[in-house]
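Structure below is my_file12.csv: CSV, C-alpha atoms.
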chain,number,residue,atom,x,y,z
A,12,MET,CA,-15.5,-1.9,26.1
A,13,VAL,CA,-15.7,-1.2,22.4
A,14,ARG,CA,-12.3,-0.5,20.8
A,15,SER,CA,-11.5,1.1,17.5
A,16,ASN,CA,-12.6,-1.1,14.6
A,17,THR,CA,-9.4,-0.4,12.9
A,18,ALA,CA,-7.2,-1.2,15.8
A,19,MET,CA,-9.1,-4.4,16.4
A,20,LEU,CA,-8.7,-5.4,12.7
A,21,TYR,CA,-4.9,-4.8,13.0
A,22,ASP,CA,-4.7,-6.8,16.1
A,23,SER,CA,-7.0,-9.7,15.1
A,24,LEU,CA,-5.1,-10.3,11.9
A,25,GLN,CA,-1.8,-10.1,13.8
A,26,LEU,CA,-0.5,-7.6,11.2
A,27,GLY,CA,2.1,-6.2,13.7
A,28,THR,CA,3.5,-9.7,14.3
A,29,LEU,CA,3.8,-10.2,10.5
A,30,GLY,CA,5.8,-6.9,10.3
A,31,LEU,CA,3.2,-4.4,8.9
A,32,SER,CA,3.9,-1.1,10.6
A,33,THR,CA,1.1,0.7,12.3
A,34,ASP,CA,1.7,3.8,10.3
A,35,ALA,CA,1.5,1.9,7.0
A,36,PHE,CA,-1.8,0.4,8.1
A,37,MET,CA,-3.3,3.6,9.6
A,38,TYR,CA,-2.4,5.7,6.5
A,39,GLY,CA,-3.6,2.9,4.2
A,40,ILE,CA,-7.0,2.8,5.9
A,41,GLN,CA,-7.3,6.6,5.7
A,42,GLY,CA,-6.5,6.8,2.0
A,43,PHE,CA,-8.6,3.8,1.2
A,44,GLN,CA,-11.6,5.4,2.9
A,45,ARG,CA,-10.9,8.7,1.1
A,46,LEU,CA,-10.9,7.0,-2.3
A,47,LEU,CA,-14.0,5.1,-1.3
A,48,ASN,CA,-15.8,8.2,-0.2
A,49,ALA,CA,-14.9,9.9,-3.5
A,50,GLY,CA,-16.4,7.0,-5.5
A,51,ARG,CA,-13.1,6.1,-7.1
A,52,LEU,CA,-13.0,2.4,-6.0
A,53,GLN,CA,-15.0,-0.3,-7.7
A,54,ASN,CA,-13.7,-2.9,-5.3
A,55,ASP,CA,-14.7,-1.6,-1.9
A,56,SER,CA,-13.6,-4.7,0.0
A,57,VAL,CA,-9.8,-5.1,-0.6
A,58,LEU,CA,-6.9,-2.9,0.5
A,59,ALA,CA,-3.4,-3.9,-0.5
A,60,ILE,CA,-0.4,-2.4,1.3
A,61,VAL,CA,3.2,-2.6,0.3
A,62,ASP,CA,5.3,-1.6,3.4
A,63,PHE,CA,8.7,-0.4,2.2
A,64,SER,CA,9.7,0.2,5.7
A,65,LEU,CA,10.5,-3.5,5.6
A,66,PRO,CA,13.5,-5.0,3.7
A,67,SER,CA,12.8,-6.9,0.5
A,68,SER,CA,13.8,-10.1,2.2
A,69,GLN,CA,10.6,-9.9,4.2
A,70,LYS,CA,7.0,-10.5,3.0
A,71,ARG,CA,5.9,-6.9,2.8
A,72,LEU,CA,2.8,-7.1,0.6
A,73,PHE,CA,-0.4,-7.4,2.6
A,74,VAL,CA,-3.7,-7.9,0.8
A,75,ILE,CA,-6.5,-7.4,3.3
A,76,ASP,CA,-10.2,-8.0,2.9
A,77,VAL,CA,-11.4,-5.2,5.2
A,78,ARG,CA,-15.1,-6.1,4.8
A,79,ASN,CA,-14.7,-9.6,6.0
A,80,SER,CA,-11.7,-9.1,8.2
A,81,LYS,CA,-9.3,-11.5,6.4
A,82,LEU,CA,-5.7,-11.4,5.4
A,83,LEU,CA,-5.8,-12.8,1.9
A,84,PHE,CA,-2.1,-12.7,1.0
A,85,ASN,CA,1.2,-11.8,2.7
A,86,THR,CA,4.0,-12.2,0.2
A,87,LEU,CA,7.3,-10.8,-1.1
A,88,VAL,CA,7.2,-7.8,-3.4
A,89,SER,CA,10.0,-6.0,-5.3
A,90,HIS,CA,11.1,-2.4,-5.5
A,91,GLY,CA,12.9,-0.6,-8.3
A,92,ARG,CA,16.5,-1.3,-8.9
A,93,ASN,CA,17.5,2.4,-8.4
A,94,SER,CA,15.5,2.6,-5.2
A,95,GLY,CA,18.0,0.6,-3.2
A,96,LYS,CA,19.2,-3.0,-2.7
A,97,LEU,CA,17.8,-4.6,0.5
A,98,ASN,CA,15.7,-1.5,1.4
A,99,ALA,CA,13.9,0.9,-0.8
A,100,VAL,CA,15.2,4.4,0.1
A,101,LYS,CA,14.8,6.4,-3.0
A,102,PHE,CA,11.6,7.1,-4.9
A,103,SER,CA,10.6,8.8,-8.2
A,104,ASN,CA,7.7,9.6,-10.4
A,105,LYS,CA,9.9,10.3,-13.4
A,106,LEU,CA,10.1,8.4,-16.6
A,107,ASN,CA,13.1,6.0,-16.9
A,108,SER,CA,14.1,6.5,-13.2
A,109,ASN,CA,13.8,2.8,-12.5
A,110,MET,CA,12.6,3.7,-9.0
A,111,SER,CA,9.5,2.8,-7.2
A,112,SER,CA,6.8,5.5,-6.6
A,113,LEU,CA,5.1,5.8,-3.2
A,114,GLY,CA,1.5,6.5,-2.6
A,115,PHE,CA,-2.0,5.4,-3.4
A,116,TYR,CA,-2.9,3.6,-6.6
A,117,ILE,CA,-6.2,2.4,-8.1
A,118,THR,CA,-5.9,-0.9,-9.9
A,119,ASP,CA,-7.0,-1.1,-13.5
A,120,ASN,CA,-7.5,-4.0,-15.9
A,121,THR,CA,-5.3,-6.9,-16.6
A,122,TYR,CA,-3.4,-7.9,-19.7
A,123,ILE,CA,-1.0,-10.5,-20.9
A,124,GLY,CA,2.5,-9.0,-21.5
A,125,GLU,CA,6.2,-9.8,-21.2
A,126,HIS,CA,5.7,-11.2,-17.7
A,127,GLY,CA,2.4,-13.0,-18.5
A,128,LEU,CA,-0.7,-11.9,-16.5
A,129,SER,CA,-0.1,-8.3,-15.3
A,130,LEU,CA,-2.2,-5.6,-13.6
A,131,ARG,CA,-2.2,-2.0,-14.7
A,132,LEU,CA,-1.9,0.6,-11.9
A,133,GLN,CA,-3.3,4.2,-12.0
A,134,GLY,CA,-1.3,6.6,-9.7
A,135,ALA,CA,-3.9,8.5,-7.6
A,136,GLU,CA,-1.5,11.2,-6.3
A,137,LYS,CA,-0.5,14.1,-8.5
A,138,SER,CA,3.3,14.7,-8.9
A,139,ILE,CA,3.9,11.7,-6.6
A,140,ASN,CA,2.9,8.6,-8.7
A,141,ASP,CA,0.6,9.9,-11.4
A,142,ASN,CA,3.1,8.9,-14.1
A,143,ALA,CA,2.6,5.3,-13.3
A,144,MET,CA,0.7,4.5,-16.6
A,145,ARG,CA,3.2,6.4,-18.7
A,146,ARG,CA,6.0,4.6,-17.0
A,147,GLY,CA,4.4,1.2,-17.4
A,148,ILE,CA,4.3,0.5,-13.7
A,149,VAL,CA,2.3,-2.6,-13.3
A,150,MET,CA,2.0,-5.6,-10.9
A,151,HIS,CA,3.4,-8.7,-12.4
A,152,GLY,CA,5.0,-12.0,-11.5
A,153,ALA,CA,8.8,-12.4,-11.6
A,154,SER,CA,11.1,-15.3,-11.1
A,155,TYR,CA,13.5,-13.0,-9.2
A,156,VAL,CA,10.9,-12.4,-6.4
A,157,ASP,CA,11.8,-15.6,-4.6
A,158,GLU,CA,13.2,-16.6,-1.3
A,159,SER,CA,16.1,-18.4,-3.1
A,160,PHE,CA,17.5,-14.9,-4.0
A,161,VAL,CA,17.3,-14.0,-0.3
A,162,ASP,CA,19.3,-17.1,0.6
A,163,ASN,CA,21.9,-16.4,-2.1
A,164,GLN,CA,22.4,-12.6,-1.8
A,165,GLY,CA,20.3,-11.4,1.1
A,166,TYR,CA,17.6,-9.6,-1.0
A,167,ILE,CA,15.3,-10.4,-3.8
A,168,GLY,CA,15.7,-9.2,-7.4
A,169,ARG,CA,14.6,-5.7,-8.3
A,170,SER,CA,12.4,-4.3,-11.0
A,171,LEU,CA,12.3,-1.2,-13.1
A,172,GLY,CA,9.9,0.3,-10.6
A,173,CYS,CA,7.1,-2.3,-10.7
A,174,PRO,CA,5.8,-4.0,-7.6
A,175,ALA,CA,6.6,-7.5,-8.9
A,176,ILE,CA,5.4,-10.5,-6.9
A,177,PRO,CA,6.2,-14.3,-6.9
A,178,GLU,CA,5.1,-16.2,-9.9
A,179,GLU,CA,3.3,-18.8,-7.9
A,180,VAL,CA,0.9,-16.3,-6.4
A,181,LYS,CA,0.5,-13.7,-9.2
A,182,GLU,CA,-2.7,-15.0,-10.6
A,183,ASP,CA,-4.5,-15.2,-7.3
A,184,VAL,CA,-3.2,-11.8,-6.1
A,185,ILE,CA,-3.9,-10.0,-9.4
A,186,THR,CA,-7.4,-11.6,-9.5
A,187,ALA,CA,-8.2,-10.3,-6.0
A,188,LEU,CA,-6.9,-6.8,-6.9
A,189,LYS,CA,-8.0,-6.1,-10.4
A,190,ASN,CA,-10.6,-3.6,-11.6
A,191,GLY,CA,-10.7,-0.8,-9.1
A,192,ALA,CA,-9.1,-1.8,-5.8
A,193,CYS,CA,-6.8,0.3,-3.6
A,194,LEU,CA,-3.1,-0.3,-3.5
A,195,PHE,CA,-0.9,1.7,-1.1
A,196,ILE,CA,2.9,1.8,-1.3
A,197,TYR,CA,4.3,3.1,1.9
A,198,SER,CA,7.6,4.3,3.2
A,199,ALA,CA,8.4,6.3,6.3
A,200,ASN,CA,9.7,9.0,3.9
A,201,PRO,CA,9.1,12.5,5.4
A,202,ASN,CA,8.8,14.1,2.0
A,203,TYR,CA,6.0,11.8,0.9
A,204,ILE,CA,4.2,12.1,4.3
A,205,ALA,CA,4.5,15.8,4.2
A,206,HIS,CA,3.3,16.4,0.7
A,207,SER,CA,0.6,13.7,0.2
A,208,LYS,CA,-2.9,15.2,0.3
A,209,MET,CA,-4.2,11.7,0.9
A,210,LEU,CA,-2.6,11.7,4.3
A,211,GLN,CA,-3.9,15.1,5.4
A,212,ARG,CA,-6.2,15.0,8.3
A,213,GLY,CA,-9.6,16.7,7.7
A,214,LYS,CA,-13.4,16.3,7.9
A,215,ASN,CA,-13.5,14.7,4.5
A,216,VAL,CA,-12.1,11.5,6.0
A,217,ALA,CA,-15.5,10.8,7.6
A,218,MET,CA,-16.1,7.0,7.5
A,219,ASN,CA,-19.6,6.9,6.0
A,220,THR,CA,-19.5,3.7,4.1
A,221,PRO,CA,-20.1,0.3,5.7
A,222,VAL,CA,-16.8,-1.5,5.3
A,223,MET,CA,-15.7,-3.4,8.3
A,224,PRO,CA,-17.3,-5.3,11.2
A,225,THR,CA,-17.2,-3.9,14.7
A,226,PHE,CA,-15.3,-6.0,17.2
A,227,HIS,CA,-16.8,-6.2,20.7
A,228,ALA,CA,-15.1,-7.8,23.6
A,229,ASN,CA,-17.0,-11.0,24.5
A,230,ALA,CA,-19.6,-10.3,21.9
A,231,ALA,CA,-20.6,-11.5,18.5
A,232,VAL,CA,-19.3,-9.6,15.4
A,233,ARG,CA,-22.0,-7.4,13.9
A,234,PRO,CA,-21.9,-5.0,10.9
A,235,VAL,CA,-21.5,-1.2,11.4
A,236,GLN,CA,-22.3,1.8,9.4
A,237,ALA,CA,-19.0,3.6,10.0
A,238,LEU,CA,-15.3,2.9,10.2
A,239,ASP,CA,-13.7,4.5,13.2
A,240,ILE,CA,-10.0,5.3,12.7
A,241,SER,CA,-9.9,7.9,15.5
A,242,ALA,CA,-7.8,5.8,17.8
A,243,PHE,CA,-5.2,5.4,15.1
A,244,SER,CA,-5.3,8.8,13.4
A,245,ALA,CA,-4.6,10.6,16.6
A,246,GLN,CA,-1.2,8.9,16.6
A,247,LEU,CA,-0.2,9.9,13.1
A,248,PRO,CA,2.5,12.5,12.5
A,249,ASP,CA,1.3,16.1,12.1
A,250,VAL,CA,2.0,16.7,8.4
A,251,SER,CA,1.9,20.4,8.8
A,252,THR,CA,5.0,20.1,11.0
A,253,LEU,CA,6.7,17.7,8.6
A,254,LYS,CA,6.2,20.1,5.7
A,255,GLU,CA,8.3,22.7,7.5
A,256,GLN,CA,11.0,20.2,8.0
A,257,ALA,CA,11.0,18.3,4.6
A,258,PRO,CA,12.4,19.5,1.3
A,259,GLY,CA,10.1,19.4,-1.8
A,260,ILE,CA,8.8,16.1,-3.1
A,261,ASN,CA,10.7,16.6,-6.3
A,262,SER,CA,14.1,17.2,-4.6
A,263,PRO,CA,16.9,14.8,-5.1
A,264,THR,CA,16.6,13.6,-1.5
A,265,ALA,CA,12.9,12.8,-2.0
A,266,MET,CA,13.3,11.1,-5.4
As structure tokens, the full file:
Amino acid sequence: MVRSNTAMLYDSLQLGTLGLSTDAFMYGIQGFQRLLNAGRLQNDSVLAIVDFSLPSSQKRLFVIDVRNSKLLFNTLVSHGRNSGKLNAVKFSNKLNSNMSSLGFYITDNTYIGEHGLSLRLQGAEKSINDNAMRRGIVMHGASYVDESFVDNQGYIGRSLGCPAIPEEVKEDVITALKNGACLFIYSANPNYIAHSKMLQRGKNVAMNTPVMPTFHANAAVRPVQALDISAFSAQLPDVSTLKEQAPGINSPTAM
């Protein structure tokens, strides 16, 4: 029996065992495909997911080659200093908030800055993360993103809102993600889930671009012409219900 491509990818890469939540993965695939269908991604193979439902002591950055069904990287990543200590619980799109912003990003070019090789990020969601460029939110390496900090204080160091990663993997990760890949920063935050247009269900989420292989039980892998997320999307929260329950995305509880 043929199972959902997406479910099989999640299972085959043991993403659940590694800690990536099914919601983060489901939403990530949905938004990735939306951006792909809209022609906004130059790199149509790689999806990076930061799962802030995990504490910073865990490896919560997942870089996935969805075309070739490979987990390229699973590593530590920081959140903003005003978003929380061990867990990221507050988020903001405002200048000088020193908080992380949730949502979908499109990676831009690289540059050499204060932290060496760094990757610019374009926020793809209006009023949620579209100030990323103005805020200087980039992916960069940082010495405080290290397991030694977890051993000493229980959590890694925090940034000014950037998704900082370990120095030893920054060049490889940034090279894999630069120039038009999708980055999704997720949290089980009802305000974000309710207000993100990227997470709305609709016909425009049709999976028309060949991205992933199909997985068949007891059969060889072969390419397909569509990415089926129906098995997962049916489990996602109904955002219309969440909107009635959640305050505005710019409210203090959301930011």
Proximity check stretch 105-218 of chain A to stretch 51-66 of chain A, 12 Å, nearest pairs one decimal Å, all atoms listed in the file, as CSV:
residue,atom,partner,partner_atom,distance
A:Ser111,CA,A:Phe63,CA,10.0
A:Ser112,CA,A:Phe63,CA,10.8
A:Leu113,CA,A:Phe63,CA,9.0
A:Gly114,CA,A:Val61,CA,9.7
A:Phe115,CA,A:Ile60,CA,9.2
A:Tyr116,CA,A:Ala59,CA,9.7
A:Ile117,CA,A:Leu52,CA,7.1
A:Thr118,CA,A:Leu52,CA,8.7
A:Asp119,CA,A:Gln53,CA,9.9
A:Asn120,CA,A:Gln53,CA,11.7
A:Gln133,CA,A:Arg51,CA,11.1
A:Ala135,CA,A:Arg51,CA,9.5
A:Met150,CA,A:Val61,CA,11.7
A:Val161,CA,A:Pro66,CA,10.6
A:Gly165,CA,A:Pro66,CA,9.7
A:Tyr166,CA,A:Pro66,CA,7.7
A:Ile167,CA,A:Pro66,CA,9.4
A:Cys173,CA,A:Val61,CA,11.7
A:Pro174,CA,A:Val61,CA,8.4
A:Ala175,CA,A:Val61,CA,11.0
A:Ile176,CA,A:Val61,CA,10.9
A:Val184,CA,A:Ala59,CA,9.7
A:Ile185,CA,A:Ala59,CA,10.8
A:Thr186,CA,A:Val57,CA,11.3
A:Ala187,CA,A:Val57,CA,7.7
A:Leu188,CA,A:Val57,CA,7.1
A:Lys189,CA,A:Asn54,CA,8.3
A:Asn190,CA,A:Gln53,CA,6.7
A:Gly191,CA,A:Gln53,CA,4.5
A:Ala192,CA,A:Asn54,CA,4.8
A:Cys193,CA,A:Leu58,CA,5.2
A:Leu194,CA,A:Ala59,CA,4.7
A:Phe195,CA,A:Ile60,CA,4.8
A:Ile196,CA,A:Val61,CA,4.7
A:Tyr197,CA,A:Asp62,CA,5.0
A:Ser198,CA,A:Phe63,CA,4.9
A:Ala199,CA,A:Ser64,CA,6.3
A:Asn200,CA,A:Ser64,CA,9.0
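Near A:Thr121, within a cut-off of 7 Å and counting all atoms listed in the file, sit the residues Leu128, Ser129, Leu130, Arg131 and Lys189 of chain A, with same-chain residues fewer than 3 positions away left out.
Atom CA of A:Lys70 is positioned 12.4 Å from atom CA of A:His90.
In this model, the gap between atom CA of A:Ile139 and atom CA of A:Gly50 comes to 20.9 Å.
Take atom CA of A:Ser108 and atom CA of A:Met144: the distance between them is 14.0 Å.
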Skip A:Asn85 itself and residues of its chain fewer than 4 positions away, then list as JSON, numbers by chain all residues within 9 Å of it, counting all atoms listed in the file.
-> {"A": [29, 70, 71, 72, 73, 74, 75]}
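The shortest atom-to-atom distance to A:Gln44, with all atoms listed in the file taken into account, belongs to A:Val77 out of A:Val77, A:Met19, A:Val100, A:Ile148.
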Using all atoms listed in the file, find the one residue out of A:Ser80, A:Gly172, A:Ala99, A:Tyr38 that sits nearest to A:Asp22.
-> A:Ser80
